[in-house]
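final_38.pdb, holding PDB, C-alpha atoms:
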ATOM      1  CA  MET A1250     -74.025 153.482-101.689
ATOM      2  CA  PRO A1251     -70.266 153.421-101.016
ATOM      3  CA  THR A1252     -67.633 153.318-103.744
ATOM      4  CA  TRP A1253     -64.951 150.662-103.228
ATOM      5  CA  ASN A1254     -61.456 150.871-104.631
ATOM      6  CA  PHE A1255     -59.457 147.722-105.298
ATOM      7  CA  GLN A1256     -57.124 146.210-107.882
ATOM      8  CA  LEU A1257     -57.611 142.868-109.532
ATOM      9  CA  ARG A1258     -55.013 140.806-111.356
ATOM     10  CA  LEU A1259     -56.126 139.152-114.607
ATOM     11  CA  ASN A1260     -55.018 135.716-115.817
ATOM     12  CA  ARG A1261     -53.358 137.505-118.757
ATOM     13  CA  GLU A1262     -53.051 140.921-120.356
ATOM     14  CA  PRO A1263     -56.124 141.903-122.412
ATOM     15  CA  ALA A1264     -55.579 142.082-126.160
ATOM     16  CA  GLU A1265     -56.318 145.249-128.129
ATOM     17  CA  GLU A1266     -59.663 143.963-129.414
ATOM     18  CA  GLU A1267     -60.819 142.983-125.893
ATOM     19  CA  PHE A1268     -60.750 146.483-124.403
ATOM     20  CA  ASP A1269     -64.067 147.535-125.940
ATOM     21  CA  ALA A1270     -65.719 144.298-124.785
ATOM     22  CA  LEU A1271     -64.487 144.968-121.239
ATOM     23  CA  PHE A1272     -65.799 148.527-121.351
ATOM     24  CA  GLU A1273     -69.168 147.365-122.673
ATOM     25  CA  ALA A1274     -69.357 144.621-120.022
ATOM     26  CA  GLY A1275     -69.539 147.444-117.454
ATOM     27  CA  LEU A1276     -65.893 148.182-116.718
ATOM     28  CA  SER A1277     -66.192 151.865-117.607
ATOM     29  CA  ASP A1278     -65.293 152.451-113.929
ATOM     30  CA  ALA A1279     -61.937 150.675-114.239
ATOM     31  CA  GLY A1280     -58.478 151.547-115.483
ATOM     32  CA  PHE A1281     -56.182 148.963-117.120
ATOM     33  CA  GLU A1282     -52.429 148.715-116.766
ATOM     34  CA  GLY A1283     -50.975 145.491-118.126
ATOM     35  CA  SER A1284     -52.812 142.649-116.395
ATOM     36  CA  LEU A1285     -53.822 144.910-113.518
ATOM     37  CA  ILE A1286     -57.268 146.531-113.194
ATOM     38  CA  ASP A1287     -57.795 149.474-110.854
ATOM     39  CA  VAL A1288     -61.516 149.719-110.028
ATOM     40  CA  ASP A1289     -63.724 152.238-108.231
ATOM     41  CA  ARG A1290     -67.069 150.432-107.962
ATOM     42  CA  GLU A1291     -70.323 151.387-106.226
ATOM     43  CA  ALA A1292     -71.760 148.426-104.310
ATOM     44  CA  PRO A1293     -73.272 147.619-100.895
ATOM     45  CA  SER A1294     -70.062 145.820 -99.835
ATOM     46  CA  LEU A1295     -66.502 145.297-101.011
ATOM     47  CA  LEU A1296     -67.099 141.588-101.647
ATOM     48  CA  GLU A1297     -70.133 142.369-103.819
ATOM     49  CA  ALA A1298     -68.086 144.958-105.700
ATOM     50  CA  VAL A1299     -65.281 142.450-106.380
ATOM     51  CA  SER A1300     -67.662 139.658-107.425
ATOM     52  CA  GLY A1301     -69.574 142.023-109.755
ATOM     53  CA  VAL A1302     -66.351 143.042-111.485
ATOM     54  CA  ALA A1303     -65.086 139.438-111.681
ATOM     55  CA  GLU A1304     -68.370 138.409-113.315
ATOM     56  CA  GLN A1305     -68.106 141.204-115.913
ATOM     57  CA  ILE A1306     -64.529 140.213-116.740
ATOM     58  CA  ARG A1307     -65.627 136.618-117.367
ATOM     59  CA  THR A1308     -68.061 137.777-120.060
ATOM     60  CA  VAL A1309     -64.968 138.268-122.244
ATOM     61  CA  PRO A1310     -63.943 134.765-123.357
ATOM     62  CA  GLY A1311     -60.553 133.712-122.028
ATOM     63  CA  LEU A1312     -60.249 136.453-119.415
ATOM     64  CA  ARG A1313     -60.778 136.073-115.670
ATOM     65  CA  ALA A1314     -59.699 137.726-112.425
ATOM     66  CA  VAL A1315     -57.210 135.569-110.523
ATOM     67  CA  GLY A1316     -56.442 137.655-107.463
ATOM     68  CA  VAL A1317     -56.744 140.925-105.570
ATOM     69  CA  GLU A1318     -53.708 143.148-105.275
ATOM     70  CA  THR A1319     -53.170 145.055-102.057
ATOM     71  CA  GLN A1320     -52.237 148.334-103.581
ATOM     72  CA  ASP A1321     -50.138 150.859-101.739
ATOM     73  CA  ALA A1322     -51.356 154.072-103.404
ATOM     74  CA  VAL A1323     -54.536 155.260-101.685
ATOM     75  CA  THR A1324     -56.558 158.415-101.142
ATOM     76  CA  LEU A1325     -57.614 159.193 -97.572
ATOM     77  CA  GLY A1326     -61.111 157.970 -98.526
ATOM     78  CA  ASP A1327     -59.692 154.606 -99.669
ATOM     79  CA  ALA A1328     -57.622 154.390 -96.474
ATOM     80  CA  ALA A1329     -60.664 155.146 -94.260
ATOM     81  CA  GLN A1330     -62.615 152.344 -95.993
ATOM     82  CA  ARG A1331     -59.787 149.872 -95.465
ATOM     83  CA  LEU A1332     -59.360 150.843 -91.820
ATOM     84  CA  GLY A1333     -63.092 150.651 -91.168
ATOM     85  CA  ARG A1334     -62.715 152.482 -87.862
ATOM     86  CA  ARG A1335     -61.894 156.017 -89.017
ATOM     87  CA  THR A1336     -63.727 158.394 -91.319
ATOM     88  CA  THR A1337     -62.097 160.260 -94.198
ATOM     89  CA  GLU A1338     -62.516 163.463 -92.199
ATOM     90  CA  SER A1339     -60.742 161.948 -89.198
ATOM     91  CA  LEU A1340     -57.774 161.007 -91.400
ATOM     92  CA  ARG A1341     -57.815 164.421 -93.078
ATOM     93  CA  LEU A1342     -57.558 166.137 -89.666
ATOM     94  CA  LEU A1343     -54.616 163.884 -88.763
ATOM     95  CA  ALA A1344     -52.992 164.520 -92.165
ATOM     96  CA  ASP A1345     -53.397 168.285 -91.787
ATOM     97  CA  GLY A1346     -51.993 168.187 -88.249
ATOM     98  CA  LYS A1347     -55.248 169.516 -86.782
ATOM     99  CA  ARG A1348     -55.522 166.401 -84.617
ATOM    100  CA  GLY A1349     -52.970 164.002 -83.255
ATOM    101  CA  PRO A1350     -49.234 164.390 -82.662
ATOM    102  CA  GLY A1351     -48.389 165.568 -86.210
ATOM    103  CA  GLY A1352     -45.941 163.999 -88.622
ATOM    104  CA  PHE A1353     -48.578 162.226 -90.752
ATOM    105  CA  PRO A1354     -46.891 160.810 -93.903
ATOM    106  CA  ARG A1355     -46.590 163.214 -96.802
ATOM    107  CA  PRO A1356     -48.676 162.455 -99.907
ATOM    108  CA  LEU A1357     -47.002 160.709-102.843
ATOM    109  CA  VAL A1358     -49.024 162.901-105.188
ATOM    110  CA  ASP A1359     -50.699 166.206-104.331
ATOM    111  CA  THR A1360     -52.492 168.065-107.119
ATOM    112  CA  GLY A1361     -54.198 170.521-104.776
ATOM    113  CA  LYS A1362     -57.496 168.680-105.116
ATOM    114  CA  VAL A1363     -56.414 165.054-104.947
ATOM    115  CA  ARG A1364     -53.833 163.644-102.567
ATOM    116  CA  VAL A1365     -52.570 160.083-102.898
ATOM    117  CA  TYR A1366     -50.755 158.500 -99.947
ATOM    118  CA  SER A1367     -48.835 155.307 -99.249
ATOM    119  CA  TRP A1368     -51.026 152.821 -97.365
ATOM    120  CA  ALA A1369     -47.890 151.245 -95.815
ATOM    121  CA  GLU A1370     -46.745 154.647 -94.517
ATOM    122  CA  ILE A1371     -50.188 155.498 -93.109
ATOM    123  CA  THR A1372     -50.532 152.187 -91.261
ATOM    124  CA  ALA A1373     -46.956 152.412 -89.931
ATOM    125  CA  TRP A1374     -47.676 155.934 -88.647
ATOM    126  CA  LEU A1375     -50.964 154.893 -87.010
ATOM    127  CA  ARG A1376     -49.120 152.068 -85.220
ATOM    128  CA  GLU A1377     -46.142 154.150 -84.141
ATOM    129  CA  ALA A1378     -47.702 157.550 -83.452
ATOM    130  CA  LEU A1379     -51.118 156.481 -82.121
ATOM    131  CA  GLY A1380     -50.459 152.889 -81.002
ATOM    132  CA  GLU A1381     -53.331 151.572 -83.133
ATOM    133  CA  ASP A1382     -53.550 147.902 -84.025
ATOM    134  CA  VAL A1383     -53.862 148.258 -87.808
ATOM    135  CA  PRO A1384     -53.871 145.322 -90.222
ATOM    136  CA  ASP A1385     -51.770 145.445 -93.399
ATOM    137  CA  ALA A1386     -54.846 144.800 -95.573
ATOM    138  CA  SER A1387     -58.568 144.688 -94.952
ATOM    139  CA  ARG A1388     -60.118 141.289 -94.139
ATOM    140  CA  GLU A1389     -62.498 141.596 -97.069
ATOM    141  CA  LEU A1390     -59.652 142.169 -99.536
ATOM    142  CA  ILE A1391     -57.843 139.084 -98.224
ATOM    143  CA  LEU A1392     -61.050 137.022 -98.413
ATOM    144  CA  ALA A1393     -61.782 138.212-101.969
ATOM    145  CA  ASP A1394     -58.202 137.373-102.964
ATOM    146  CA  HIS A1395     -58.492 133.836-101.562
ATOM    147  CA  ALA A1396     -61.850 133.320-103.310
ATOM    148  CA  LEU A1397     -60.476 134.439-106.691
ATOM    149  CA  ARG A1398     -57.340 132.306-106.319
ATOM    150  CA  LEU A1399     -59.483 129.291-105.442
ATOM    151  CA  ALA A1400     -61.775 129.910-108.422
ATOM    152  CA  ASP A1401     -58.729 130.202-110.691
ATOM    153  CA  GLU A1402     -57.185 126.965-109.407
ATOM    154  CA  ALA A1403     -60.515 125.175-109.821
ATOM    155  CA  GLU A1404     -60.839 126.551-113.350
ATOM    156  CA  ARG A1405     -57.383 125.309-114.262
ATOM    157  CA  ALA A1406     -58.066 121.905-112.707
ATOM    158  CA  GLY A1407     -61.002 121.237-115.028
ATOM    159  CA  ARG A1408     -64.785 121.329-115.175
ATOM    160  CA  THR A1409     -65.429 118.456-112.704
ATOM    161  CA  GLN A1410     -63.150 119.899-110.053
ATOM    162  CA  ALA A1411     -64.611 123.388-110.553
ATOM    163  CA  GLU A1412     -68.101 121.991-109.971
ATOM    164  CA  ALA A1413     -66.922 120.146-106.834
ATOM    165  CA  VAL A1414     -65.346 123.338-105.472
ATOM    166  CA  ARG A1415     -68.604 125.243-106.089
ATOM    167  CA  HIS A1416     -70.428 122.638-103.995
ATOM    168  CA  LEU A1417     -67.776 122.849-101.288
ATOM    169  CA  VAL A1418     -68.288 126.589-100.866
ATOM    170  CA  GLY A1419     -72.065 126.209-101.043
ATOM    171  CA  SER A1420     -72.694 128.016-104.321
ATOM    172  CA  HIS A1421     -74.861 126.582-107.105
TER     173      HIS A1421
ATOM    174  CA  MET B1223     -66.221 172.038-128.406
ATOM    175  CA  VAL B1224     -63.399 170.000-126.942
ATOM    176  CA  SER B1225     -59.967 170.761-128.295
ATOM    177  CA  LYS B1226     -57.640 167.999-129.455
ATOM    178  CA  GLY B1227     -55.301 167.073-126.663
ATOM    179  CA  ARG B1228     -57.899 167.792-123.999
ATOM    180  CA  HIS B1229     -60.013 165.014-122.495
ATOM    181  CA  PRO B1230     -63.751 165.877-122.649
ATOM    182  CA  LYS B1231     -64.334 165.072-118.956
ATOM    183  CA  THR B1232     -62.954 167.809-116.730
ATOM    184  CA  PRO B1233     -61.734 165.660-113.777
ATOM    185  CA  VAL B1234     -59.922 163.341-116.199
ATOM    186  CA  ALA B1235     -58.460 166.290-118.140
ATOM    187  CA  LYS B1236     -57.089 167.733-114.877
ATOM    188  CA  ALA B1237     -55.569 164.380-113.858
ATOM    189  CA  LEU B1238     -53.949 164.127-117.306
ATOM    190  CA  ASP B1239     -52.599 167.673-116.927
ATOM    191  CA  ALA B1240     -50.896 166.582-113.689
ATOM    192  CA  ALA B1241     -49.372 163.565-115.490
ATOM    193  CA  LYS B1242     -48.202 165.744-118.397
ATOM    194  CA  GLY B1243     -46.279 167.890-115.915
ATOM    195  CA  LEU B1244     -43.919 165.016-115.104
ATOM    196  CA  ASP B1245     -40.907 164.342-117.366
ATOM    197  CA  HIS B1246     -41.104 160.548-117.219
ATOM    198  CA  LEU B1247     -44.796 160.388-118.153
ATOM    199  CA  ASN B1248     -46.350 160.826-121.578
ATOM    200  CA  VAL B1249     -50.032 161.340-122.422
ATOM    201  CA  VAL B1250     -50.985 159.986-125.841
ATOM    202  CA  GLU B1251     -54.340 160.360-127.570
ATOM    203  CA  ASP B1252     -55.282 157.600-130.047
ATOM    204  CA  HIS B1253     -59.125 157.319-130.035
ATOM    205  CA  LYS B1254     -59.635 153.627-130.602
ATOM    206  CA  GLY B1255     -63.113 152.347-129.754
ATOM    207  CA  HIS B1256     -63.966 153.426-126.196
ATOM    208  CA  ARG B1257     -60.370 154.366-125.529
ATOM    209  CA  TRP B1258     -59.379 158.029-125.552
ATOM    210  CA  GLY B1259     -55.685 157.257-125.180
ATOM    211  CA  TRP B1260     -52.947 156.330-122.736
ATOM    212  CA  VAL B1261     -50.789 157.556-119.909
ATOM    213  CA  ILE B1262     -47.346 156.064-120.454
ATOM    214  CA  CYS B1263     -44.539 155.718-117.929
ATOM    215  CA  LEU B1264     -41.406 156.081-120.028
ATOM    216  CA  THR B1265     -39.327 154.333-117.338
ATOM    217  CA  CYS B1266     -41.402 151.113-117.382
ATOM    218  CA  HIS B1267     -42.761 151.240-120.921
ATOM    219  CA  GLN B1268     -41.306 148.939-123.529
ATOM    220  CA  GLY B1269     -41.883 150.351-126.982
ATOM    221  CA  GLN B1270     -42.230 153.652-128.767
ATOM    222  CA  PRO B1271     -42.649 156.589-126.343
ATOM    223  CA  ASP B1272     -45.610 157.999-128.281
ATOM    224  CA  ARG B1273     -47.580 154.754-128.368
ATOM    225  CA  GLY B1274     -49.423 152.823-125.679
ATOM    226  CA  TYR B1275     -49.508 149.038-125.815
ATOM    227  CA  PRO B1276     -52.197 146.701-124.458
ATOM    228  CA  GLY B1277     -50.639 144.536-121.791
ATOM    229  CA  ASP B1278     -47.666 146.830-121.251
ATOM    230  CA  PRO B1279     -47.112 147.433-117.500
ATOM    231  CA  GLY B1280     -46.186 151.045-118.207
ATOM    232  CA  SER B1281     -49.291 151.898-120.289
ATOM    233  CA  PHE B1282     -52.530 152.961-118.597
ATOM    234  CA  THR B1283     -55.757 152.948-120.650
ATOM    235  CA  VAL B1284     -57.771 156.186-120.570
ATOM    236  CA  TRP B1285     -61.442 155.803-121.544
ATOM    237  CA  SER B1286     -63.312 158.475-123.530
ATOM    238  CA  THR B1287     -66.453 158.203-121.389
ATOM    239  CA  PRO B1288     -65.480 156.743-118.018
ATOM    240  CA  GLU B1289     -68.264 156.443-115.471
ATOM    241  CA  PRO B1290     -67.881 158.249-113.168
ATOM    242  CA  PRO B1291     -65.095 160.516-114.501
ATOM    243  CA  GLU B1292     -63.995 161.359-110.943
ATOM    244  CA  GLY B1293     -63.145 157.695-110.302
ATOM    245  CA  HIS B1294     -61.110 157.481-113.511
ATOM    246  CA  ALA B1295     -59.258 160.654-112.507
ATOM    247  CA  LYS B1296     -58.341 158.969-109.201
ATOM    248  CA  GLN B1297     -57.109 155.921-111.103
ATOM    249  CA  ILE B1298     -54.818 158.162-113.166
ATOM    250  CA  HIS B1299     -53.479 159.763-109.971
ATOM    251  CA  ARG B1300     -52.837 156.280-108.550
ATOM    252  CA  PHE B1301     -51.015 155.271-111.757
ATOM    253  CA  VAL B1302     -48.844 158.388-111.333
ATOM    254  CA  ALA B1303     -48.219 157.462-107.684
ATOM    255  CA  ARG B1304     -47.279 153.883-108.622
ATOM    256  CA  HIS B1305     -44.812 155.203-111.172
ATOM    257  CA  GLN B1306     -42.863 157.617-109.016
ATOM    258  CA  HIS B1307     -39.356 156.414-109.820
ATOM    259  CA  TYR B1308     -36.586 157.871-107.740
TER     260      TYR B1308
END
Could you show the structure in this file as C-alpha cells?
Amino acid sequence: MPTWNFQLRLNREPAEEEFDALFEAGLSDAGFEGSLIDVDREAPSLLEAVSGVAEQIRTVPGLRAVGVETQDAVTLGDAAQRLGRRTTESLRLLADGKRGPGGFPRPLVDTGKVRVYSWAEITAWLREALGEDVPDASRELILADHALRLADEAERAGRTQAEAVRHLVGSH
Amino acid sequence: MVSKGRHPKTPVAKALDAAKGLDHLNVVEDHKGHRWGWVICLTCHQGQPDRGYPGDPGSFTVWSTPEPPEGHAKQIHRFVARHQHY
C-alpha cells in the first residue's frame, strides 16, 4: 500500500495536553509544527489518507483539519506521487544527470541518505527543460483542500447547515 | 541502552543529528507523554531557545515512538528544509 505525504492545517494550534490524545488517536505518523501537521500515511489513495487523518483529528474535542497545504519541500518519492506520471527512479535518474539534459534542481537538504527538494523548482525544471505540462499541485490535494474547507465552513455555520451540506455531497 | 540525547529510533536519531549540525536549529529533549522532544528553529521560534512550545511555528514535535520511524525522520528533514533561512 502506498504512503502519502501531505500537510494539513488545523483550526487552531493544539494545546500541550492535546498532543498525547492526537498521538493515541493514530497520529503517530505525523509531525506537528504550530497548527500545521506533516503526515506520511499508508492508504489506498491520497483522499482516503486525508480523510482518515481528518477523522482522527476530530476525535480530539475542539480540533479539526481546515485545509491542505501544498508544501514545497518534497523527497523525490513525494514528487513522483504528486506527478503521477513518473516513478521515483525516473526522477532519481534525472536528478543524478543519468537521463535528460542535466541541470535538475539541487536538493534543499542532502544528508547522504535523504534528499529534500523544492517542488516549485522541480516542476519549473520539468516545464522548461523537458516541456512537460506539470500542474502546480496534484488534483487530489486540491480536491481534499476544497472538501476540508467546505466542512469547516459548514461546521462554523451551525449544525443544520452542516447536515444540509452533508446531504448535498451525498454523505450520510 | 539508549543514551540521553540520542533518540531510540535510528532513522529519527540520524535526522536529529543533521538538524543539530545547523547553527539556527536546536534539538531539545523533554520527554512529556508520547513526546521525546522538539526541533526548534531559533529564527522563527518565540521563546526560550532551550524550550519547545505547543503551537509555536518554529517548534516541531518529535515523538518517542513514531510509526514508522522512517516517516518521522522525513518529516524532520522537511522541517529543516522549510526553515532554511538565508
How close does each residue of chain A get to chain B, giving the shortest atom pair and distance in Å to one decimal for every residue with an atom at most 7 Å away, counting all atoms listed in the file, sorted by chain and residue number, as a tab-separated table?
residue	atom	partner	partner_atom	distance
A:Glu1262	CA	B:Gly1277	CA	4.6
A:Pro1263	CA	B:Gly1277	CA	6.1
A:Ala1264	CA	B:Pro1276	CA	6.0
A:Glu1265	CA	B:Pro1276	CA	5.7
A:Asp1269	CA	B:His1256	CA	5.9
A:Ser1277	CA	B:Pro1288	CA	4.9
A:Asp1278	CA	B:Glu1289	CA	5.2
A:Ala1279	CA	B:His1294	CA	6.9
A:Gly1280	CA	B:Thr1283	CA	6.0
A:Phe1281	CA	B:Thr1283	CA	5.3
A:Glu1282	CA	B:Phe1282	CA	4.6
A:Gly1283	CA	B:Gly1277	CA	3.8
A:Ser1284	CA	B:Gly1277	CA	6.1
A:Asp1287	CA	B:Gln1297	CA	6.5
A:Asp1289	CA	B:Gly1293	CA	5.9
A:Ala1322	CA	B:Arg1300	CA	5.8
A:Leu1357	CA	B:Ala1303	CA	6.0
A:Val1358	CA	B:Ala1303	CA	6.0
A:Thr1360	CA	B:Ala1240	CA	6.9
A:Val1365	CA	B:Arg1300	CA	6.8
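Pairwise distance (atom CA of Gln1330 of chain A, atom CA of Leu1399 of chain A) equals 25.1 Å.
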Protein, DNA and RNA residues within 12 Å of (-61.4, 137.1, -113.6), only C-alpha atoms, as JSON, numbers by chain:
{"A": [1256, 1257, 1258, 1259, 1260, 1261, 1262, 1263, 1271, 1284, 1285, 1286, 1299, 1300, 1301, 1302, 1303, 1304, 1305, 1306, 1307, 1308, 1309, 1310, 1311, 1312, 1313, 1314, 1315, 1316, 1317, 1393, 1394, 1396, 1397, 1398, 1399, 1400, 1401, 1402, 1404]}
Evaluate the PyMOL selection byres ((chain A and resi 1295) around 12) on the structure here and hand back the selected residues as number ranges by chain.
A: 1250-1256, 1288-1294, 1296-1302, 1317, 1327, 1330-1331, 1333, 1387-1394
Gln1270 of chain B proximity check over B:His1253, B:Gly1227, B:Ala1235, B:Asn1248, using only C-alpha atoms: winner is B:Asn1248
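In this structure, atom CA of Leu1247 of chain B sits 11.6 Å away from atom CA of Gly1274 of chain B.
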Listed atoms of segment 1370-1379 of chain A, axis-aligned box, 6 Å per side: centre and edge lengths to one decimal in Å, as AutoDock Vina command-line options?
--center_x -48.6 --center_y 154.8 --center_z -88.3 --size_x 17.0 --size_y 17.5 --size_z 24.4
Hey, can you check how far atom CA of Asp1252 of chain B sits from atom CA of Thr1265 of chain B?
20.7 Å
Decode the PyMOL selection byres ((chain A and resi 1351) around 12) for the given file into explicit residues and return them as a VMD selection string.
chain A and resid 1340 to 1350 1352 to 1355 1374 to 1375 1377 to 1379
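Counting all atoms listed in the file, the residue from B:Cys1266, B:Pro1271, B:Val1249, B:Arg1228 that sits nearest to His1305 of chain B is B:Cys1266.
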Could you rebuild segment 1360-1391 of chain A with N, CA and C atoms and give it back as a CSV table (one decimal), keeping the file's coordinate frame?
chain,number,residue,atom,x,y,z
A,1360,THR,N,-52.2,167.2,-106.0
A,1360,THR,CA,-52.5,168.1,-107.1
A,1360,THR,C,-53.2,169.3,-106.6
A,1361,GLY,N,-53.4,169.4,-105.3
A,1361,GLY,CA,-54.2,170.5,-104.8
A,1361,GLY,C,-55.6,170.0,-104.5
A,1362,LYS,N,-56.2,169.2,-105.3
A,1362,LYS,CA,-57.5,168.7,-105.1
A,1362,LYS,C,-57.4,167.2,-104.7
A,1363,VAL,N,-56.5,166.5,-105.3
A,1363,VAL,CA,-56.4,165.1,-104.9
A,1363,VAL,C,-55.1,164.8,-104.3
A,1364,ARG,N,-55.1,164.1,-103.2
A,1364,ARG,CA,-53.8,163.6,-102.6
A,1364,ARG,C,-53.8,162.1,-102.5
A,1365,VAL,N,-52.7,161.5,-102.9
A,1365,VAL,CA,-52.6,160.1,-102.9
A,1365,VAL,C,-51.4,159.8,-101.9
A,1366,TYR,N,-51.7,158.9,-101.0
A,1366,TYR,CA,-50.8,158.5,-99.9
A,1366,TYR,C,-50.3,157.1,-100.1
A,1367,SER,N,-49.3,156.7,-99.3
A,1367,SER,CA,-48.8,155.3,-99.2
A,1367,SER,C,-49.6,154.7,-98.1
A,1368,TRP,N,-50.3,153.6,-98.4
A,1368,TRP,CA,-51.0,152.8,-97.4
A,1368,TRP,C,-50.0,152.3,-96.3
A,1369,ALA,N,-48.9,151.8,-96.8
A,1369,ALA,CA,-47.9,151.2,-95.8
A,1369,ALA,C,-47.4,152.3,-94.9
A,1370,GLU,N,-47.2,153.6,-95.4
A,1370,GLU,CA,-46.7,154.6,-94.5
A,1370,GLU,C,-47.8,155.1,-93.5
A,1371,ILE,N,-49.1,155.1,-94.0
A,1371,ILE,CA,-50.2,155.5,-93.1
A,1371,ILE,C,-50.3,154.5,-92.0
A,1372,THR,N,-50.3,153.2,-92.3
A,1372,THR,CA,-50.5,152.2,-91.3
A,1372,THR,C,-49.3,152.2,-90.3
A,1373,ALA,N,-48.1,152.4,-90.8
A,1373,ALA,CA,-47.0,152.4,-89.9
A,1373,ALA,C,-47.1,153.6,-89.0
A,1374,TRP,N,-47.5,154.7,-89.5
A,1374,TRP,CA,-47.7,155.9,-88.6
A,1374,TRP,C,-48.8,155.7,-87.6
A,1375,LEU,N,-49.9,155.1,-88.0
A,1375,LEU,CA,-51.0,154.9,-87.0
A,1375,LEU,C,-50.5,154.0,-85.9
A,1376,ARG,N,-49.6,153.0,-86.2
A,1376,ARG,CA,-49.1,152.1,-85.2
A,1376,ARG,C,-48.1,152.8,-84.3
A,1377,GLU,N,-47.2,153.5,-84.9
A,1377,GLU,CA,-46.1,154.2,-84.1
A,1377,GLU,C,-46.6,155.4,-83.4
A,1378,ALA,N,-47.3,156.3,-84.1
A,1378,ALA,CA,-47.7,157.6,-83.5
A,1378,ALA,C,-48.9,157.4,-82.5
A,1379,LEU,N,-49.9,156.6,-82.9
A,1379,LEU,CA,-51.1,156.5,-82.1
A,1379,LEU,C,-51.3,155.1,-81.4
A,1380,GLY,N,-50.4,154.2,-81.7
A,1380,GLY,CA,-50.5,152.9,-81.0
A,1380,GLY,C,-51.6,152.1,-81.4
A,1381,GLU,N,-52.2,152.3,-82.7
A,1381,GLU,CA,-53.3,151.6,-83.1
A,1381,GLU,C,-52.9,150.2,-83.7
A,1382,ASP,N,-53.8,149.2,-83.5
A,1382,ASP,CA,-53.6,147.9,-84.0
A,1382,ASP,C,-54.2,147.8,-85.4
A,1383,VAL,N,-53.3,148.1,-86.4
A,1383,VAL,CA,-53.9,148.3,-87.8
A,1383,VAL,C,-53.4,147.1,-88.7
A,1384,PRO,N,-54.3,146.4,-89.4
A,1384,PRO,CA,-53.9,145.3,-90.2
A,1384,PRO,C,-53.2,145.9,-91.5
A,1385,ASP,N,-52.4,145.0,-92.2
A,1385,ASP,CA,-51.8,145.4,-93.4
A,1385,ASP,C,-52.8,145.5,-94.6
A,1386,ALA,N,-53.8,144.7,-94.5
A,1386,ALA,CA,-54.8,144.8,-95.6
A,1386,ALA,C,-56.2,144.5,-94.9
A,1387,SER,N,-57.3,144.9,-95.5
A,1387,SER,CA,-58.6,144.7,-95.0
A,1387,SER,C,-58.9,143.2,-95.1
A,1388,ARG,N,-59.7,142.7,-94.1
A,1388,ARG,CA,-60.1,141.3,-94.1
A,1388,ARG,C,-60.9,140.9,-95.4
A,1389,GLU,N,-61.7,141.9,-95.9
A,1389,GLU,CA,-62.5,141.6,-97.1
A,1389,GLU,C,-61.6,141.4,-98.3
A,1390,LEU,N,-60.6,142.3,-98.4
A,1390,LEU,CA,-59.7,142.2,-99.5
A,1390,LEU,C,-58.9,140.8,-99.5
A,1391,ILE,N,-58.5,140.4,-98.3
A,1391,ILE,CA,-57.8,139.1,-98.2
A,1391,ILE,C,-58.8,137.9,-98.6
